[in-house]
Amino acid sequence: MPNATHNIYTCPMHPEVKQSQPGFCPICGMTLELQLSPQGRSEKETSPEDTSYKNMLYRFWVALVFAACVIFLAMYGESYVVSPILSAWLQLLCAAIVVFGAGGFFFQRAWVALKGGALNMFSLISLGVGVAFFYSAAVVMIPGQLPAYPLYFETAVSITVLVLLGQLLESKARGKTSAAIRLLLERGAKKAHRVQGGHTQDGQEVDVSPEELQVGDSVRVRPGEIIPADGVITKGDGWIDASMLTGESLSTFKEVGDKVAAGTINERGSFLLRVEKAANESLLARIVQMCSTAIATRAPVQKLADTICGYFVPVVVLLSIITFFVWLFLGPAPAFGMALMNAISVVIIACPCALGLAAPLSIVVGMGKGASMGVLIKDAASLERLEKVDTVVFDKTGTLTERDLTCSDVKPYGSMSVQELLQYAASVEQLSEHPIARAVVAKAKRLHVELHQTETFSSQPGKGVLGMVDGHIVHVGKLGYLEEKKVALPEIMPQMYTTLYVGIDGKYAGSLTVESQIRVSAEDAVKTLSRMGIRLNMLSGDTKDTVRNVAEKLGIDTYQAEVLPVGKLQAVQELKGKGYIVAMAGDGINDAPAIAAADVGIAMGTGEDITIETADVTLTAGDLLGIERALLLGREVMTNIRQNLFFAFAYNIAAIPIAAGVLYPFTGLLLNPIIAAVAMTVSSLCVVINALRLRYGPRS
């Protein structure tokens with residue numbers, strides 16, 4: 001796919017921060033993340049996560065090499081290599097390369113935040129490292145003017161290396177969490193075989209990029225190729241692997257009239273495709289855009305971390321200053337050195353790296369996992385609301401049942417055969433555009449019934465149709481329609497679910513059952529949600545008998561029939577008014593108001609665009625088991641965030657007093673700043689590892 005023309009980089013903690021170039025957040029200092037465009041990237045373009053990781057890896061190795069030189073000189077330089085003065089100057093040079101070269105961005109981010117009136121984790125790191133370095137540099141450059149304590153270059157470079165290690169691990173983790181979304185981009189077709197001259201097998205082919213395809217173009221898709229655009233098969237068939245978009249592991253057979261999506265793979269077979277959507281409007285493009293937007297949002301729970309950080313950093317600086325003066329005036333000799341080291345320990349160990357990672361990393365991992373399972377979540381706030389859902393309201397048609405109707409039973413009357421009844425009924429219905437008519441015609445075609453030409457066709461909307469077939473007058477429609485047309489009916493009529501009655505030449509000829517076929521995943525989804533303790537409801541504009549039949553088959557006790565769009569909206573609002581947290585699942589335009597009003601709107605990926613745009617969650621495969629996955633994912637992500645926040649808070653609460661030296665009078669224990677830096681890195685690593693557990697999916 002081609003390069004995006006307008007890249008937008010945002011901060012996971014502060015999504016209001018946006019810029020067109022890579023960089024860092026001026027508030028918290030975190031690396032800005034790219035919002036992926038629907039057009040994606042070219043094959044040669046390097047992902048921003050890869051660039052960030054490589055840059056951090058380079059910085060880390062530079063810092064490690066020169067830090068090793070500093071530590072060697074501090075330990076052995078004066079004895080075996082150089083004079084004390086030369087050793088001190090070499091330490092100063094190597095430490096400057098580590099602190100201001102490899103770790104220079106610490107100070108840059110801290111300064112930008114300070115200019116904006118904010119303090120962040122880089123403020124604390126810069127303060128701790130800077131104090132150790134500049135004090136030592138002053139001792140070297142103006143000897144005799146400051147207390148002759150040991151140089152602290154070793155402390156400065158060790159802290160820098162450990163913080164860089166933490167940043168390196170974080171960068172690697174962030175790259176992995178976006179892997180599912182980047183893989184979607186890479187799955188896009190690189191070229192398309194556009195057929196010139198219409199939808200024919202013998203048209204001339206021209207290879208073009210998928211972005212050049214226009215609605216109505218005909219495209220040939222060969223075995224093993226990636227489908228370049230959303231469209232409908234017009235000739236041929238194939239077995240389609242849609243696992244990357246929908247999470248379905250098994251390939252599905254598609255034939256003439258079936259829709260296929262860009263990014264899916266034609267494993268076997270060959271077909272012609274009529275393009276229905278431009279590249280930037282395809283399902284793949286919508287998935288990429290929704291995931292990118294979602295990752296750039298914040299869950300309400302993150303406000304807690306923001307609020308705490310706003311007070312936490314200034315308090316830590318104050319505690320560090322207090323620690324310094326307490327040790328300076330009350331501590332044992334050498335008082336100045338111990339005061340300086342303990343003050344630095346407080347600043348370093350309290351660095352809120354883990355706090356900054358706690359929520360954003362869990363959300364990014366959760367979003368990526370959801371995308372790989374065919375569950376697209378609109379934003380972080382929706383993810384948080386999913387955890388609390390206790391009621392799911394279903395639309396019927398297109399959600400619990402397939403959108404297309406099916407003629408499931410044919411019952412001829414008298415001497416009429418099944419073939420004859422279907423022939424007469426389908427011959428008339430082939431001239432109608434009604435979904436029921438299409439179901440009857442499809443049934444005839446499946447049974448290889450030959451359709452005849454129909455004359456003098458007419459229809460009465462909502463009642464039935466009339467036509468002359470082979471000289472016979474045929475009526476097809478509701479029972480009342482046949483009665484109105486004076487068709488002679490038997491005394492005992494069949495009691496059927498949804499019935500079309502057929503009259504030929506004024507005599508009753510039989511009936512056909514037309515019904516909505518229940519989705520394959522509907523029954524399992526209903527059972528699973530019921531086991532989870534979720535309250536289930538069904539709203540439909542269909543007739544009472546139809547809705548009751550579907551509800552009984554699925555085991556849904558609460559349902560309403562003949563409900564208009566405004567009625568669905570009111571029903572959702574009433575449930576919310578009673579204190580329920582409501583998720584509304586639907587696929588049609590008539591469901592959009594109710595989906596927008598629900599606490600969590602769920603759209604079928606096979607539904608209308610407006611419904612998908614309105615919804616908080618989109619099930620790309622239309623698999624209702626995705627609702628269970630979404631609810632479980634919401635619960636696990638929020639639990640993971642709370643665990644991360646606990647790790648961060650508990651660590652800081654316990655570590656700061658120890659770093660300040662409160663245990664020294666009782667145990668003689670002091671925390672070296674280098675050990676404090678190790679502890680800070682371990683704290684961040686715990687949060688990263690805990691968040692990455694979500695990659696293995698929600699528990700079932």
# chains A, B, ... in the order shown; residues from 1 in each chain; ligands from 1

$ residues_around --residues "region 71-76 of chain A" --least-positions-apart "2" --cutoff "12 Å" --atoms "only C-alpha atoms" --output "number ranges by chain"
A: 63-69, 78-95, 150-158

$ residues_around --residues "Asn55 (chain A)" --least-positions-apart "2" --cutoff "12 Å" --atoms "only C-alpha atoms" --output "list in words"
Pro48, Glu49, Asp50, Thr51, Ser52, Tyr53, Leu57, Tyr58, Arg59, Phe60, Trp61, Val62, Ala102, Gly103, Phe105, Leu164, Gln167, Leu168, Ser171 and Lys172 of chain A

$ closest_atom_pairs --of "region 501-610 of chain A" --to "region 473-486 of chain A" --cutoff "9 Å" --atoms "only C-alpha atoms" --output "tab-separated table"
residue	atom	partner	partner_atom	distance
A:Tyr501	CA	A:Gly477	CA	5.4
A:Val502	CA	A:Val476	CA	4.6
A:Gly503	CA	A:His475	CA	5.0
A:Ile504	CA	A:Val474	CA	4.6
A:Asp505	CA	A:Ile473	CA	5.0
A:Gly506	CA	A:Lys486	CA	6.7
A:Lys507	CA	A:Lys486	CA	8.8
A:Tyr508	CA	A:Leu482	CA	8.5
A:Ser511	CA	A:Val476	CA	8.9

$ select_by_dssp --residues "region 424-481 of chain A" --states "helix (DSSP H, G or I)" --output "ChimeraX atom specification"
/A:424-429,435-446,479-481

$ write_last_selection --atoms "all heavy atoms" --output "compact mmCIF listing (two decimals), in the first residue's frame"
# COMPACT_ATOMS: atom_id res chain seq x y z
N TYR A 424 -44.59 -22.70 -10.58
CA TYR A 424 -45.59 -21.65 -10.74
C TYR A 424 -45.28 -20.46 -9.82
O TYR A 424 -45.31 -19.29 -10.26
CB TYR A 424 -46.99 -22.19 -10.42
CG TYR A 424 -47.59 -23.01 -11.54
CD1 TYR A 424 -47.82 -24.38 -11.39
CD2 TYR A 424 -47.96 -22.40 -12.74
CE1 TYR A 424 -48.37 -25.14 -12.42
CE2 TYR A 424 -48.52 -23.15 -13.78
CZ TYR A 424 -48.72 -24.51 -13.61
OH TYR A 424 -49.28 -25.25 -14.64
N ALA A 425 -45.01 -20.74 -8.54
CA ALA A 425 -44.79 -19.65 -7.59
C ALA A 425 -43.54 -18.85 -7.92
O ALA A 425 -43.55 -17.61 -7.94
CB ALA A 425 -44.69 -20.22 -6.17
N ALA A 426 -42.42 -19.53 -8.22
CA ALA A 426 -41.16 -18.85 -8.49
C ALA A 426 -41.19 -18.11 -9.82
O ALA A 426 -40.55 -17.06 -9.97
CB ALA A 426 -40.01 -19.84 -8.46
N SER A 427 -41.93 -18.64 -10.80
CA SER A 427 -42.04 -17.96 -12.10
C SER A 427 -42.67 -16.59 -11.93
O SER A 427 -42.30 -15.63 -12.62
CB SER A 427 -42.84 -18.81 -13.08
OG SER A 427 -42.16 -20.01 -13.38
N VAL A 428 -43.65 -16.49 -11.03
CA VAL A 428 -44.28 -15.19 -10.77
C VAL A 428 -43.37 -14.33 -9.90
O VAL A 428 -43.16 -13.14 -10.17
CB VAL A 428 -45.66 -15.38 -10.08
CG1 VAL A 428 -46.25 -14.03 -9.73
CG2 VAL A 428 -46.60 -16.15 -11.00
N GLU A 429 -42.81 -14.92 -8.85
CA GLU A 429 -42.02 -14.15 -7.88
C GLU A 429 -40.71 -13.63 -8.47
O GLU A 429 -40.12 -12.69 -7.95
CB GLU A 429 -41.70 -15.02 -6.66
CG GLU A 429 -42.89 -15.38 -5.79
CD GLU A 429 -43.35 -14.22 -4.91
OE1 GLU A 429 -43.01 -13.05 -5.24
OE2 GLU A 429 -44.02 -14.48 -3.89
N PRO A 435 -37.66 -9.38 -0.63
CA PRO A 435 -36.80 -10.44 -0.08
C PRO A 435 -37.47 -11.80 -0.03
O PRO A 435 -36.81 -12.83 -0.23
CB PRO A 435 -36.48 -9.93 1.33
CG PRO A 435 -36.61 -8.45 1.24
CD PRO A 435 -37.72 -8.20 0.26
N ILE A 436 -38.79 -11.84 0.24
CA ILE A 436 -39.50 -13.12 0.26
C ILE A 436 -39.51 -13.75 -1.13
O ILE A 436 -39.31 -14.96 -1.29
CB ILE A 436 -40.94 -12.93 0.79
CG1 ILE A 436 -40.91 -12.57 2.27
CG2 ILE A 436 -41.78 -14.18 0.55
CD1 ILE A 436 -42.28 -12.32 2.87
N ALA A 437 -39.70 -12.90 -2.14
CA ALA A 437 -39.69 -13.40 -3.52
C ALA A 437 -38.33 -13.98 -3.88
O ALA A 437 -38.23 -15.04 -4.51
CB ALA A 437 -40.07 -12.27 -4.48
N ARG A 438 -37.27 -13.30 -3.46
CA ARG A 438 -35.91 -13.80 -3.76
C ARG A 438 -35.68 -15.16 -3.10
O ARG A 438 -34.99 -16.02 -3.65
CB ARG A 438 -34.87 -12.78 -3.30
CG ARG A 438 -34.86 -11.49 -4.12
CD ARG A 438 -33.56 -10.74 -3.94
NE ARG A 438 -33.36 -10.30 -2.56
CZ ARG A 438 -33.75 -9.13 -2.09
NH1 ARG A 438 -34.37 -8.26 -2.90
NH2 ARG A 438 -33.54 -8.79 -0.84
N ALA A 439 -36.23 -15.34 -1.91
CA ALA A 439 -36.06 -16.62 -1.21
C ALA A 439 -36.75 -17.76 -1.97
O ALA A 439 -36.22 -18.87 -2.08
CB ALA A 439 -36.63 -16.52 0.21
N VAL A 440 -37.94 -17.48 -2.52
CA VAL A 440 -38.68 -18.50 -3.28
C VAL A 440 -37.93 -18.85 -4.56
O VAL A 440 -37.79 -20.03 -4.92
CB VAL A 440 -40.10 -18.02 -3.59
CG1 VAL A 440 -40.82 -19.01 -4.50
CG2 VAL A 440 -40.89 -17.82 -2.29
N VAL A 441 -37.45 -17.84 -5.26
CA VAL A 441 -36.71 -18.07 -6.51
C VAL A 441 -35.43 -18.85 -6.24
O VAL A 441 -35.06 -19.77 -6.98
CB VAL A 441 -36.41 -16.74 -7.21
CG1 VAL A 441 -35.51 -16.97 -8.43
CG2 VAL A 441 -37.70 -16.04 -7.63
N ALA A 442 -34.73 -18.49 -5.14
CA ALA A 442 -33.50 -19.20 -4.79
C ALA A 442 -33.78 -20.67 -4.49
O ALA A 442 -32.99 -21.55 -4.86
CB ALA A 442 -32.85 -18.53 -3.58
N LYS A 443 -34.91 -20.95 -3.85
CA LYS A 443 -35.28 -22.34 -3.55
C LYS A 443 -35.50 -23.11 -4.85
O LYS A 443 -35.04 -24.26 -4.99
CB LYS A 443 -36.55 -22.36 -2.71
CG LYS A 443 -37.07 -23.76 -2.37
CD LYS A 443 -36.22 -24.43 -1.32
CE LYS A 443 -36.88 -25.70 -0.81
NZ LYS A 443 -36.06 -26.37 0.23
N ALA A 444 -36.18 -22.50 -5.80
CA ALA A 444 -36.43 -23.16 -7.08
C ALA A 444 -35.12 -23.46 -7.81
O ALA A 444 -34.95 -24.54 -8.39
CB ALA A 444 -37.34 -22.29 -7.94
N LYS A 445 -34.19 -22.52 -7.76
CA LYS A 445 -32.92 -22.72 -8.44
C LYS A 445 -32.11 -23.83 -7.77
O LYS A 445 -31.44 -24.62 -8.45
CB LYS A 445 -32.12 -21.42 -8.46
CG LYS A 445 -32.70 -20.36 -9.39
CD LYS A 445 -31.84 -19.11 -9.41
CE LYS A 445 -32.41 -18.08 -10.40
NZ LYS A 445 -31.58 -16.85 -10.42
N ARG A 446 -32.17 -23.89 -6.44
CA ARG A 446 -31.44 -24.95 -5.74
C ARG A 446 -31.97 -26.34 -6.11
O ARG A 446 -31.22 -27.31 -6.14
CB ARG A 446 -31.53 -24.75 -4.22
CG ARG A 446 -30.65 -23.64 -3.68
CD ARG A 446 -30.46 -23.77 -2.17
NE ARG A 446 -31.72 -23.70 -1.45
CZ ARG A 446 -32.28 -22.57 -1.03
NH1 ARG A 446 -31.68 -21.42 -1.27
NH2 ARG A 446 -33.42 -22.59 -0.37
N LEU A 479 -52.67 -15.15 3.26
CA LEU A 479 -53.96 -15.83 3.22
C LEU A 479 -55.08 -14.84 2.88
O LEU A 479 -55.96 -15.14 2.06
CB LEU A 479 -54.24 -16.50 4.57
CG LEU A 479 -55.51 -17.34 4.67
CD1 LEU A 479 -55.47 -18.49 3.65
CD2 LEU A 479 -55.67 -17.89 6.08
N GLY A 480 -55.02 -13.66 3.45
CA GLY A 480 -56.05 -12.65 3.17
C GLY A 480 -56.07 -12.23 1.72
O GLY A 480 -57.13 -11.92 1.16
N TYR A 481 -54.90 -12.22 1.08
CA TYR A 481 -54.81 -11.85 -0.33
C TYR A 481 -55.53 -12.88 -1.19
O TYR A 481 -56.29 -12.52 -2.12
CB TYR A 481 -53.33 -11.75 -0.72
CG TYR A 481 -53.08 -11.48 -2.19
CD1 TYR A 481 -53.40 -10.24 -2.75
CD2 TYR A 481 -52.53 -12.45 -3.01
CE1 TYR A 481 -53.17 -9.99 -4.10
CE2 TYR A 481 -52.28 -12.21 -4.35
CZ TYR A 481 -52.61 -10.97 -4.89
OH TYR A 481 -52.38 -10.72 -6.23

$ residues_around --residues "Tyr135 (chain A)" --least-positions-apart "2" --cutoff "12 Å" --atoms "only C-alpha atoms" --output "MDAnalysis selection string"
chainID A and resid 92 127:133 137:143 145:153 155:156 336:337 340:341 344

$ closest_residue --among "A:Leu431, A:Val563, A:Leu405, A:Ala598" --to "Val392 (chain A)" --atoms "only C-alpha atoms"
A:Ala598

$ closest_residue --among "A:Arg268, A:Lys191, A:Arg274, A:Lys388" --to "Val256 (chain A)" --atoms "only C-alpha atoms"
A:Arg274

$ atom_distance --atom1 "CA of Leu529 (chain A)" --atom2 "CA of Leu554 (chain A)"
11.9 Å
